[in-house]
Amino acid sequence: MAETAYGEPAAVGQDAGPTAGKGTGAGTAARTREVCEGAPRRQTARESAARTYPRALPIVPVRARGLIIEGADGRRYLDCVSGAGALALGHNHPVVLEAIRKVLDSGAPLQVMDLTTPVEEAFVTELSQSLPPGLAGRARVRFCGPSATDAVEAAVAFVRAATGRSRVVSLAGARHGTAAGEPVPGGGRGDGVLVRPRLPQDHGRPRGGEGDAGSAARRDESVLGGHLPGQTAPAGLIVAPVDSEAGVVPAPDAWMRHLRRLTAERSVPLIVDETETGAGRTGAFWAVEHSGTTPDVLVLSKAIGGSLPLAAIVHRDDLCAGEPGAGTFRGNQLALAAGTATLAHIRANRLAEHAAALGAGMLARLRGLGAELPCVGEVRGRGLMLGVELVTPDGEGGAAPRTAAAVQRECLRRGLVVDRTGPSANVVRLLPPLTITEDQAAAVLERLADALRTVAATAHRPVPATSGEPREPR
């Protein structure tokens, strides 16, 4: 089974030992700690206000392995942010480090644009073996810049070139990265009308005035167009199987199949954004597999680089556009090697199945906690992508971002690092590495439950307002 993280999670506040390396004297370690502890103050003075995580998570990491990170203050934390989902195997997994060292020691070039190399060929081979049924065997891989936004922009540009159309459809409130200050898939371009239909449900409640499935289906058909004479179909439809940025909201499997049918009827490429859900995160290797849907284009980033920046799109071989690729750092060799090792390890050790089983148990326990605490609205997710929605305990169920911020702070005090997401930043998100063990999962849930109970018990007290943090760029 998956390798465990090094050591048992230390108790909150427990000294984790010297922080300056093996053989370091007490005086040198103290000086190192003093320098590191001043880093947040210097960061505030030197860097722009665009930084995000340091505001809510004032940690200076100096060492990490698996689920555990060690701060400059000697404390250890259970990391359930995992680099915003980029660390599928956790921090510094041995197979990833070995793959990187092998490339470094070989003397191979580290930057070759998109020239073929043995490292690139190994990655494409491993990726191809993991693709969803229906796409495997008839797919083409296209590398792009290393961020998730780069991959989404590449997918949008690709379908526009392949279809000769410009309008791209996405879901209401979807956030597939940003470009030039504009939400992707608009990509900052003004040549297409960006239409955003809503999900057919919002946490089990009708949304957007849609009271039944029939009206929702008619709305989807109207937005996609192209079914009647004179109607113009869009260049593509982009959807994430689980909308993590909207508060960890899974798209219903039946609805995904409904979209696939509509897009196929209208020859509209279906783009599935797996930048956060791919590589085993949701309990299937690719989240789109839960619905049995075959996409025309897959958007990949984050976990596929094995902790290093890497992004690509995968498209059907009969959907072609001949324009050259863009981005100097497409297909970085170290990232490709780390990605190959990560994908192979996930597949060989059946970590997607592990994520499904362990995630289901965590979801059930969190829902039980929700039944106990009125500040917990809905608990949702898939696999090891979990969200706990915090609401006002007044029966109205309104978003409670200050409560979520308080829970995040209380978690940090207990040695647990969690994220906040959702339009109102009121969803506490858990993205532990796929290598998390049952004992570690129990420790995560114990600390989160204790934080939630503490915040719930003091809910009658005024919670200090916090400055709004801008979203982390994808």
# chains A, B, ... in the order shown; residues from 1 in each chain; ligands from 1
call {"tool": "select_by_dssp", "arguments": {"residues": "region 289-321 of chain A", "states": "helix (DSSP H, G or I)", "output": "list of chain:residue names"}}
result
A:Glu289, A:His290, A:Ser291, A:Lys302, A:Ala303, A:Ile304, A:Gly305
call {"tool": "closest_residue", "arguments": {"among": "A:Val169, A:Ala303, A:Ala456, A:Val112", "to": "Leu369 (chain A)", "atoms": "only C-alpha atoms"}}
result
A:Ala456
call {"tool": "select_by_dssp", "arguments": {"residues": "region 253-328 of chain A", "states": "strand (DSSP E)", "output": "JSON, numbers by chain"}}
result
{"A": [270, 271, 272, 273, 297, 298, 299, 300, 312, 313, 314, 315, 316]}
call {"tool": "atom_distance", "arguments": {"atom1": "CA of Leu363 (chain A)", "atom2": "CA of Ala441 (chain A)"}}
result
11.0 Å
call {"tool": "atom_distance", "arguments": {"atom1": "CA of Leu373 (chain A)", "atom2": "CA of Leu445 (chain A)"}}
result
14.5 Å
call {"tool": "closest_residue", "arguments": {"among": "A:His91, A:Arg402, A:His354, A:Arg281", "to": "Thr437 (chain A)", "atoms": "only C-alpha atoms"}}
result
A:His354
call {"tool": "atom_distance", "arguments": {"atom1": "CA of Pro58 (chain A)", "atom2": "CA of Glu276 (chain A)"}}
result
24.1 Å
call {"tool": "residues_around", "arguments": {"residues": "region 96-109 of chain A", "least_positions_apart": "5", "cutoff": "7 Å", "atoms": "only C-alpha atoms", "output": "list in words"}}
result
Gly306, Leu334, Ala337, Ala338, Ala341 and Thr342 of chain A
